[in-house]
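Shown below: structure_8.txt, with compact mmCIF, C-alpha atoms.
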# COMPACT_ATOMS: atom_id res chain seq x y z
CA MET A 1 74.23 -176.11 -68.50
CA THR A 2 75.01 -172.47 -69.35
CA ARG A 3 72.27 -170.97 -67.18
CA PRO A 4 74.07 -171.22 -63.80
CA PHE A 5 77.20 -169.62 -65.26
CA SER A 6 75.21 -166.84 -66.95
CA GLU A 7 73.45 -166.16 -63.64
CA PHE A 8 76.80 -166.11 -61.87
CA ALA A 9 78.24 -163.72 -64.48
CA ARG A 10 75.27 -161.38 -63.93
CA TYR A 11 75.76 -161.57 -60.17
CA LEU A 12 79.47 -160.86 -60.51
CA ARG A 13 78.92 -157.84 -62.77
CA THR A 14 76.41 -156.34 -60.33
CA GLU A 15 78.61 -156.90 -57.30
CA THR A 16 81.67 -155.55 -59.15
CA THR A 17 79.85 -152.29 -59.82
CA GLY A 18 78.53 -152.29 -56.27
CA GLY A 19 82.05 -152.83 -54.95
CA LEU A 20 83.30 -149.76 -56.80
CA ILE A 21 80.40 -147.66 -55.47
CA LEU A 22 81.08 -149.04 -51.99
CA LEU A 23 84.72 -147.99 -52.29
CA GLY A 24 83.63 -144.50 -53.36
CA ALA A 25 81.18 -144.20 -50.44
CA THR A 26 83.92 -145.24 -48.02
CA ALA A 27 86.30 -142.63 -49.42
CA VAL A 28 83.61 -139.93 -49.13
CA ALA A 29 82.89 -140.93 -45.53
CA LEU A 30 86.56 -140.81 -44.53
CA LEU A 31 87.18 -137.47 -46.26
CA TRP A 32 83.98 -135.91 -44.90
CA ALA A 33 84.51 -137.12 -41.33
CA ASN A 34 88.09 -135.80 -41.31
CA SER A 35 87.41 -132.46 -43.02
CA PRO A 36 86.39 -129.08 -41.55
CA LEU A 37 82.81 -130.19 -42.32
CA ARG A 38 83.02 -133.13 -39.90
CA ASP A 39 80.31 -131.64 -37.67
CA SER A 40 77.81 -131.77 -40.54
CA TYR A 41 78.70 -135.43 -41.12
CA HIS A 42 78.03 -136.35 -37.49
CA ALA A 43 74.87 -134.23 -37.42
CA LEU A 44 73.51 -136.03 -40.48
CA ARG A 45 74.46 -139.48 -39.21
CA ASP A 46 72.91 -138.81 -35.79
CA PHE A 47 69.73 -137.12 -37.08
CA ARG A 48 66.73 -138.97 -35.66
CA LEU A 49 63.79 -139.95 -37.80
CA GLY A 50 60.73 -142.15 -37.35
CA PRO A 51 57.92 -142.76 -34.87
CA GLU A 52 58.65 -143.54 -31.24
CA PHE A 53 56.05 -146.31 -31.54
CA LEU A 54 57.74 -149.75 -31.63
CA HIS A 55 61.12 -148.08 -30.91
CA LEU A 56 61.47 -146.79 -34.49
CA ASN A 57 62.74 -143.30 -33.65
CA LEU A 58 66.20 -144.10 -35.00
CA THR A 59 69.20 -142.14 -36.22
CA LEU A 60 69.94 -142.18 -39.96
CA GLY A 61 72.96 -144.32 -39.15
CA ASP A 62 70.73 -146.84 -37.39
CA TRP A 63 68.22 -146.81 -40.25
CA ALA A 64 71.08 -147.69 -42.60
CA LYS A 65 72.36 -150.39 -40.24
CA ASP A 66 69.01 -151.94 -39.35
CA GLY A 67 66.93 -151.09 -42.41
CA LEU A 68 69.06 -150.88 -45.55
CA LEU A 69 71.27 -153.81 -44.54
CA ALA A 70 68.11 -155.91 -44.17
CA LEU A 71 67.78 -155.56 -47.96
CA PHE A 72 71.40 -156.67 -48.39
CA PHE A 73 70.77 -159.73 -46.22
CA PHE A 74 67.51 -160.47 -48.05
CA VAL A 75 69.44 -160.66 -51.32
CA ALA A 76 72.11 -162.78 -49.59
CA GLY A 77 69.34 -165.07 -48.29
CA LEU A 78 67.93 -165.45 -51.81
CA GLU A 79 71.36 -166.33 -53.14
CA LEU A 80 71.99 -168.77 -50.30
CA LYS A 81 68.61 -170.49 -50.83
CA ARG A 82 69.28 -170.81 -54.56
CA GLU A 83 72.76 -172.24 -53.96
CA LEU A 84 71.43 -174.73 -51.41
CA VAL A 85 68.55 -175.95 -53.57
CA ILE A 86 69.72 -175.81 -57.20
CA GLY A 87 73.22 -174.29 -57.18
CA GLU A 88 76.76 -175.21 -56.24
CA LEU A 89 75.87 -176.03 -52.64
CA SER A 90 73.20 -178.53 -53.67
CA ARG A 91 75.77 -181.21 -54.61
CA PHE A 92 77.96 -182.58 -51.86
CA LYS A 93 81.17 -182.96 -53.85
CA GLN A 94 80.99 -179.41 -55.16
CA ALA A 95 79.78 -177.92 -51.90
CA ILE A 96 82.00 -179.43 -49.25
CA LEU A 97 85.29 -177.62 -49.98
CA PRO A 98 83.96 -174.03 -49.82
CA VAL A 99 81.84 -175.00 -46.80
CA VAL A 100 84.85 -176.40 -44.93
CA ALA A 101 86.97 -173.44 -46.06
CA ALA A 102 84.33 -170.98 -44.84
CA ILE A 103 84.12 -172.69 -41.44
CA GLY A 104 87.90 -172.56 -41.12
CA GLY A 105 87.76 -168.93 -42.22
CA MET A 106 85.38 -168.14 -39.37
CA VAL A 107 86.78 -170.25 -36.52
CA VAL A 108 90.50 -169.50 -36.92
CA PRO A 109 90.16 -165.67 -37.15
CA ALA A 110 87.97 -165.73 -34.03
CA LEU A 111 90.58 -167.79 -32.16
CA VAL A 112 93.42 -165.55 -33.37
CA ALA A 113 91.53 -162.43 -32.27
CA LEU A 114 90.84 -163.97 -28.86
CA ALA A 115 94.49 -164.98 -28.45
CA VAL A 116 95.86 -161.55 -29.40
CA GLY A 117 93.29 -159.59 -27.40
CA TRP A 118 93.00 -161.91 -24.40
CA GLY A 119 92.26 -159.95 -21.24
CA THR A 120 91.31 -156.77 -23.10
CA PRO A 121 87.90 -155.31 -22.18
CA GLY A 122 85.46 -155.91 -25.04
CA ILE A 123 87.30 -158.83 -26.63
CA GLU A 124 84.57 -161.20 -25.37
CA ARG A 125 82.38 -159.66 -28.11
CA ALA A 126 84.94 -158.21 -30.51
CA TRP A 127 86.28 -161.67 -31.47
CA ALA A 128 83.34 -161.89 -33.88
CA ILE A 129 84.48 -158.88 -35.95
CA PRO A 130 87.04 -160.72 -38.16
CA VAL A 131 84.68 -163.64 -38.81
CA ALA A 132 83.06 -161.99 -41.86
CA THR A 133 84.08 -161.77 -45.53
CA ASP A 134 82.61 -158.98 -47.67
CA ILE A 135 80.88 -160.36 -50.78
CA ALA A 136 80.78 -157.11 -52.75
CA PHE A 137 84.43 -156.18 -52.26
CA ALA A 138 85.78 -159.71 -52.63
CA LEU A 139 83.94 -160.42 -55.86
CA GLY A 140 84.78 -156.96 -57.15
CA VAL A 141 88.52 -157.47 -56.61
CA LEU A 142 88.31 -160.95 -58.16
CA ALA A 143 86.50 -159.72 -61.27
CA LEU A 144 88.92 -156.83 -61.80
CA THR A 145 92.13 -158.83 -61.36
CA ALA A 146 91.52 -162.49 -62.22
CA SER A 147 89.91 -162.62 -65.67
CA ASN A 148 92.00 -165.63 -66.73
CA LEU A 149 91.44 -167.79 -63.68
CA PRO A 150 89.13 -170.76 -64.25
CA SER A 151 85.45 -170.20 -63.52
CA SER A 152 85.79 -172.64 -60.62
CA ALA A 153 87.73 -169.95 -58.72
CA ARG A 154 84.80 -167.58 -58.91
CA VAL A 155 82.29 -170.28 -57.93
CA PHE A 156 84.52 -171.27 -54.98
CA LEU A 157 84.73 -167.69 -53.72
CA LEU A 158 81.02 -167.06 -54.14
CA SER A 159 80.09 -170.29 -52.34
CA LEU A 160 82.57 -169.54 -49.55
CA ALA A 161 81.18 -166.01 -49.16
CA VAL A 162 77.59 -167.30 -49.08
CA VAL A 163 78.40 -169.79 -46.29
CA ASP A 164 80.44 -167.11 -44.51
CA ASP A 165 77.43 -164.78 -44.63
CA LEU A 166 75.26 -167.46 -43.06
CA GLY A 167 77.80 -167.84 -40.26
CA ALA A 168 77.91 -164.08 -39.70
CA ILE A 169 74.11 -163.96 -39.60
CA ILE A 170 74.08 -166.68 -36.92
CA VAL A 171 76.70 -164.78 -34.91
CA ILE A 172 74.63 -161.59 -35.07
CA ALA A 173 71.47 -163.46 -34.08
CA VAL A 174 73.10 -165.22 -31.11
CA LEU A 175 75.40 -162.51 -29.73
CA PHE A 176 73.59 -159.27 -30.44
CA THR A 177 70.01 -159.90 -29.42
CA THR A 178 69.38 -157.06 -26.95
CA GLY A 179 66.11 -158.31 -25.46
CA PHE A 180 63.28 -160.65 -26.16
CA ASP A 181 59.69 -159.51 -26.65
CA LEU A 182 57.59 -162.67 -26.98
CA VAL A 183 54.61 -160.85 -28.52
CA ALA A 184 56.82 -159.32 -31.23
CA VAL A 185 58.47 -162.70 -31.81
CA ALA A 186 55.03 -164.30 -32.25
CA VAL A 187 54.07 -161.61 -34.78
CA ALA A 188 57.33 -162.16 -36.68
CA VAL A 189 56.85 -165.93 -36.76
CA ALA A 190 53.23 -165.54 -37.93
CA ALA A 191 54.29 -163.12 -40.67
CA LEU A 192 57.05 -165.45 -41.84
CA ALA A 193 54.63 -168.40 -41.83
CA LEU A 194 52.15 -166.42 -43.93
CA TYR A 195 54.95 -165.45 -46.33
CA ALA A 196 55.92 -169.12 -46.70
CA PHE A 197 52.27 -170.12 -47.23
CA LEU A 198 51.80 -167.48 -49.95
CA GLN A 199 54.96 -168.72 -51.65
CA HIS A 200 53.65 -172.28 -51.49
CA ARG A 201 50.31 -171.18 -52.97
CA ARG A 202 52.16 -169.41 -55.83
CA VAL A 203 50.76 -165.98 -54.94
CA ARG A 204 52.76 -163.33 -56.82
CA THR A 205 51.26 -159.93 -56.04
CA PRO A 206 53.66 -157.46 -54.34
CA TRP A 207 50.63 -155.81 -52.68
CA LEU A 208 50.72 -158.67 -50.16
CA TYR A 209 54.45 -159.32 -49.95
CA VAL A 210 55.70 -155.77 -49.42
CA PRO A 211 53.46 -155.03 -46.38
CA LEU A 212 54.20 -158.51 -45.03
CA ALA A 213 57.95 -157.93 -45.34
CA LEU A 214 57.63 -154.60 -43.53
CA ILE A 215 55.57 -156.19 -40.74
CA THR A 216 58.21 -158.91 -40.38
CA TRP A 217 61.02 -156.34 -40.21
CA VAL A 218 59.23 -154.20 -37.60
CA ALA A 219 58.34 -157.25 -35.50
CA VAL A 220 61.90 -158.62 -35.56
CA HIS A 221 63.28 -155.18 -34.66
CA SER A 222 60.76 -154.76 -31.84
CA ALA A 223 61.55 -158.25 -30.53
CA GLY A 224 65.10 -157.13 -29.76
CA ILE A 225 66.63 -159.31 -32.50
CA HIS A 226 68.84 -157.51 -35.01
CA ALA A 227 66.52 -156.53 -37.86
CA THR A 228 68.79 -157.86 -40.62
CA ILE A 229 67.71 -161.36 -39.53
CA ALA A 230 64.28 -160.57 -41.00
CA GLY A 231 65.91 -160.11 -44.40
CA VAL A 232 67.72 -163.43 -44.48
CA ALA A 233 64.69 -165.29 -43.08
CA LEU A 234 62.44 -163.94 -45.85
CA GLY A 235 65.08 -164.78 -48.44
CA LEU A 236 65.37 -168.37 -47.24
CA LEU A 237 61.59 -168.81 -47.44
CA THR A 238 61.37 -167.63 -51.06
CA ARG A 239 60.74 -170.24 -53.76
CA VAL A 240 63.73 -170.92 -56.02
CA ARG A 241 62.38 -173.55 -58.44
CA ALA A 242 60.41 -172.26 -61.42
CA ASP A 243 57.07 -173.96 -62.14
CA GLU A 244 56.24 -175.30 -65.57
CA GLY A 245 55.52 -172.36 -67.85
CA GLU A 246 57.07 -169.88 -65.38
CA ALA A 247 59.87 -167.81 -66.91
CA GLU A 248 61.65 -167.24 -63.59
CA ALA A 249 61.26 -168.47 -60.04
CA PRO A 250 60.38 -165.78 -57.47
CA ALA A 251 63.89 -165.85 -55.93
CA LEU A 252 65.58 -165.18 -59.26
CA ARG A 253 63.05 -162.52 -60.21
CA LEU A 254 63.58 -160.73 -56.88
CA GLU A 255 67.36 -160.96 -57.25
CA HIS A 256 67.12 -159.28 -60.65
CA ARG A 257 65.05 -156.45 -59.23
CA LEU A 258 66.64 -155.92 -55.82
CA GLN A 259 70.30 -156.75 -56.26
CA PRO A 260 71.20 -153.46 -57.96
CA TRP A 261 69.49 -151.56 -55.13
CA SER A 262 71.32 -153.66 -52.56
CA ALA A 263 74.75 -153.35 -54.17
CA ALA A 264 74.51 -149.75 -55.40
CA VAL A 265 72.39 -148.11 -52.66
CA ALA A 266 71.90 -150.11 -49.45
CA VAL A 267 75.48 -151.20 -48.78
CA PRO A 268 77.17 -147.93 -49.91
CA VAL A 269 74.81 -145.81 -47.77
CA PHE A 270 75.57 -148.04 -44.79
CA ALA A 271 79.29 -147.61 -45.51
CA LEU A 272 78.84 -143.83 -45.77
CA PHE A 273 77.57 -143.71 -42.19
CA ALA A 274 79.73 -146.53 -40.77
CA ALA A 275 83.14 -145.69 -42.24
CA GLY A 276 83.34 -142.05 -41.11
CA ILE A 277 86.03 -142.47 -38.47
CA SER A 278 88.94 -140.30 -37.41
CA VAL A 279 92.19 -141.17 -39.17
CA ASN A 280 94.55 -138.65 -37.57
CA ALA A 281 98.00 -139.69 -36.43
CA ASP A 282 96.90 -140.39 -32.86
CA ALA A 283 94.00 -142.58 -33.99
CA LEU A 284 96.16 -144.53 -36.43
CA GLY A 285 98.82 -144.95 -33.78
CA ALA A 286 96.22 -146.33 -31.37
CA VAL A 287 95.18 -148.95 -33.93
CA PHE A 288 98.70 -150.39 -33.97
CA THR A 289 99.40 -150.06 -30.25
CA THR A 290 96.08 -151.15 -28.70
CA ALA A 291 95.30 -154.82 -28.17
CA LEU A 292 91.70 -154.84 -29.42
CA PRO A 293 92.26 -153.35 -32.92
CA LEU A 294 95.43 -155.44 -33.21
CA ALA A 295 93.29 -158.51 -32.53
CA VAL A 296 90.95 -157.49 -35.37
CA LEU A 297 93.91 -156.91 -37.74
CA ALA A 298 95.46 -160.26 -36.84
CA GLY A 299 92.17 -162.07 -37.28
CA LEU A 300 91.45 -160.63 -40.73
CA LEU A 301 94.98 -160.61 -42.19
CA GLY A 302 96.37 -163.75 -40.57
CA GLY A 303 93.48 -165.81 -39.29
CA LYS A 304 91.49 -165.70 -42.52
CA VAL A 305 94.39 -166.94 -44.66
CA VAL A 306 95.34 -169.72 -42.25
CA GLY A 307 91.72 -170.72 -41.67
CA ILE A 308 90.56 -170.84 -45.31
CA LEU A 309 93.71 -172.34 -46.80
CA GLY A 310 94.41 -174.66 -43.86
CA ALA A 311 90.88 -176.05 -43.80
CA SER A 312 91.01 -176.58 -47.57
CA LEU A 313 94.33 -178.42 -47.34
CA LEU A 314 93.02 -180.72 -44.60
CA ALA A 315 89.76 -181.41 -46.44
CA VAL A 316 91.62 -182.41 -49.61
CA LYS A 317 94.31 -184.36 -47.74
CA PHE A 318 91.73 -186.45 -45.91
CA ARG A 319 89.72 -186.86 -49.14
CA LEU A 320 86.66 -185.13 -47.85
CA ALA A 321 86.75 -182.82 -50.86
CA GLU A 322 88.55 -182.17 -54.12
CA LYS A 323 90.26 -179.04 -55.39
CA PRO A 324 88.16 -177.04 -57.85
CA ARG A 325 88.87 -178.05 -61.43
CA GLY A 326 91.79 -176.21 -62.99
CA MET A 327 92.91 -174.57 -59.74
CA GLY A 328 96.15 -175.00 -57.85
CA TRP A 329 97.06 -174.34 -54.25
CA ARG A 330 98.57 -170.97 -55.13
CA ASP A 331 95.22 -169.94 -56.60
CA LEU A 332 93.48 -171.00 -53.39
CA ALA A 333 96.11 -169.12 -51.35
CA ALA A 334 95.33 -165.91 -53.28
CA LEU A 335 91.61 -166.41 -52.70
CA SER A 336 92.31 -167.02 -49.00
CA VAL A 337 94.03 -163.64 -48.75
CA LEU A 338 90.97 -162.10 -50.43
CA GLY A 339 88.86 -163.61 -47.64
CA GLY A 340 90.46 -161.07 -45.29
CA VAL A 341 88.30 -158.30 -46.79
CA GLY A 342 85.79 -158.07 -43.93
CA PHE A 343 84.36 -154.59 -44.49
CA THR A 344 80.52 -154.42 -44.54
CA VAL A 345 79.56 -157.14 -42.06
CA SER A 346 82.71 -156.63 -39.96
CA LEU A 347 81.83 -152.93 -39.64
CA LEU A 348 78.29 -153.91 -38.65
CA ILE A 349 79.52 -156.33 -35.98
CA ALA A 350 81.97 -153.70 -34.67
CA GLU A 351 79.09 -151.25 -34.23
CA LEU A 352 76.95 -153.87 -32.50
CA ALA A 353 79.69 -155.30 -30.30
CA LEU A 354 81.49 -152.28 -28.87
CA PRO A 355 80.86 -148.86 -27.31
CA ASP A 356 81.74 -145.78 -29.36
CA GLY A 357 85.42 -145.38 -28.44
CA GLN A 358 86.37 -149.00 -28.98
CA SER A 359 84.07 -149.24 -31.98
CA GLU A 360 85.97 -146.45 -33.76
CA LEU A 361 89.30 -148.23 -33.25
CA ALA A 362 87.87 -151.58 -34.32
CA LYS A 363 86.33 -150.06 -37.46
CA ALA A 364 89.65 -148.39 -38.31
CA ALA A 365 91.29 -151.80 -37.99
CA VAL A 366 88.65 -153.32 -40.29
CA LEU A 367 89.23 -150.63 -42.92
CA ILE A 368 93.02 -151.01 -42.77
CA ALA A 369 92.88 -154.81 -42.88
CA SER A 370 90.38 -154.79 -45.75
CA ALA A 371 92.53 -152.37 -47.75
CA VAL A 372 95.71 -154.41 -47.17
CA ALA A 373 93.95 -157.71 -47.97
CA SER A 374 92.45 -156.21 -51.15
CA LEU A 375 95.80 -154.88 -52.43
CA LEU A 376 97.75 -158.02 -51.54
CA ALA A 377 95.11 -160.33 -53.00
CA ALA A 378 94.92 -158.18 -56.15
CA ALA A 379 98.67 -158.53 -56.67
CA LEU A 380 98.55 -162.30 -56.13
CA LEU A 381 95.50 -162.75 -58.37
CA LEU A 382 97.05 -160.68 -61.17
CA ARG A 383 100.09 -162.97 -61.01
CA ARG A 384 97.95 -166.11 -61.01
CA SER A 385 95.80 -164.77 -63.85
CA LYS A 386 98.95 -164.15 -65.91
CA VAL A 387 100.14 -167.71 -65.21
CA HIS A 388 96.82 -169.19 -66.31
CA ALA A 389 96.85 -167.03 -69.44
CA GLN A 390 100.34 -168.32 -70.31
CA MET A 391 99.23 -171.91 -69.76
CA SER A 392 96.18 -171.34 -71.94
CA ASP A 393 98.37 -169.91 -74.70
CA THR A 394 100.66 -172.94 -74.45
CA VAL A 395 97.77 -175.39 -74.73
CA SER A 396 96.20 -173.52 -77.66
CA SER A 397 99.46 -172.93 -79.54
CA GLY A 398 98.63 -175.72 -81.99
CA ALA A 399 101.13 -178.35 -80.81
CA GLU A 400 99.52 -181.70 -79.98
CA PRO A 401 100.62 -183.05 -76.60
CA GLN A 402 102.86 -186.11 -76.68
CA THR A 403 101.24 -189.34 -75.54
CA PRO A 404 103.46 -191.21 -73.07
CA ALA A 405 104.24 -194.90 -73.26
CA GLY A 406 101.47 -195.70 -70.81
CA GLY A 407 98.89 -194.68 -73.39
CA GLU A 408 97.28 -191.86 -71.32
CA PRO A 409 97.57 -188.35 -72.71
CA PRO A 410 99.21 -185.86 -70.38
CA GLY A 411 96.88 -183.74 -68.25
CA PRO A 412 96.73 -179.96 -68.26
CA PRO A 413 99.72 -178.06 -66.86
CA ASN A 414 99.74 -177.92 -63.09
CA PRO A 415 99.10 -174.32 -62.08
CA ASP A 416 101.02 -174.88 -58.83
CA THR A 417 104.24 -175.38 -60.77
CA ARG A 418 104.01 -172.04 -62.61

Once you've parsed the file, please lay out its structure as structure tokens.
Amino acid sequence: MTRPFSEFARYLRTETTGGLILLGATAVALLWANSPLRDSYHALRDFRLGPEFLHLNLTLGDWAKDGLLALFFFVAGLELKRELVIGELSRFKQAILPVVAAIGGMVVPALVALAVGWGTPGIERAWAIPVATDIAFALGVLALTASNLPSSARVFLLSLAVVDDLGAIIVIAVLFTTGFDLVAVAVAVAALALYAFLQHRRVRTPWLYVPLALITWVAVHSAGIHATIAGVALGLLTRVRADEGEAEAPALRLEHRLQPWSAAVAVPVFALFAAGISVNADALGAVFTTALPLAVLAGLLGGKVVGILGASLLAVKFRLAEKPRGMGWRDLAALSVLGGVGFTVSLLIAELALPDGQSELAKAAVLIASAVASLLAAALLLRRSKVHAQMSDTVSSGAEPQTPAGGEPPGPPNPDTR
């Protein structure tokens, strides 16, 4: 019974470190892009590298967006597959609340963004920007501020973020496919089928898997589908159950090896090239006076909270789900605010959805909303952590609880009343 929690603790530690590196990369990008050396930043980001064959002569920014983020989504796909097969999402009662909350946290922000930006050019694609929740930042903030919350809070947030990632992946696949090359699609499908067959046959050599993964990525990219889809597809096809006598299943073994690279290299490098936007007074003023970035702000800061918390309330009220053990509604409200940290995937969608001028404003809105959501959620989680610590001290103070006349011992203190 301890293995899932130890695996989750390892995941949380890695993503916490990755979140701090991601924050540092973002700060470097903002300082660099707004310094006298800004021309060198843009020259590096726009430097082209790679063969023209198969449309792979890309800028470094595009390599980070299409290539490095494929590794991030591969790790997310591994985590999603493990949760679906043997983790929290494999049992209906445990899975349904974060699933419903994640759906609410995607639908409501999109509707809020559409309502605020209605009639604005670009909003027909920009509504997808506030749909995402950033795993690395969200788990990092949670780990740093909520050490005394029950473990169910962390499992809830992780499950919600995993489902949210799946939704964002579907949005990217549906909305941002730029063309459709049937030959490349056939190659990608054949490569994925071979990968699945090798997994089924228990083949373990990386000398087959690494070239196959690269072929899949190139084929998906050449097909006109966003290349990060190759990452999640490969992750979902990876075996997650260990055979008898096998120390670790392939999915867990790959997570151990690749997650540090994803959290500490792939995502921060993407942020370094994506977050370098102008933050002068005129640009900041435009964020708060232009409909499209206001729609993004409203979706992340308002829509996420209403969507996650509202969907959770309805699911519990209609007895479709139960609150996580030991958690109150104020705990879930704090986690809902944390869901407004869009960052990585929101920045990606902003780049895919909008031309340069609008993209810069939308990305500025994502950064501002993510910073505000992080700070507000941190304050709320610190308060809730303190409350849970006080309740724990009360329970462990040595006084036996009084048994009422009905014969049933009183339950644990209600965290909503503290």

Inset, instruction - Scan for residues within 10 Å of the point (79.3, -154.9, -30.8) in the coordinates of the file, using only C-alpha atoms, and reply as a ChimeraX atom specification. - result: /A:122-129,172,175-176,346-356,358-359,362

Legend entry - For CA of Ala281 in chain A and CA of Asp62 in chain A, the interatomic separation in Å (one decimal): 28.2 Å

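The coordinates place CA of Gly18 in chain A at 11.3 Å from CA of Val141 in chain A.
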
Inset, instruction - Quick one: residues within 10 Å of (94.0, -161.6, -33.6) (file frame), counting all atoms listed in the file, please, as a ChimeraX atom specification. - result: /A:108-118,127,130,291-303

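Between Lys304 in chain A and the candidates A:Val131, A:Leu56, A:Glu360, A:Leu23, the tightest atom-to-atom separation, counting all atoms listed in the file, involves A:Val131.
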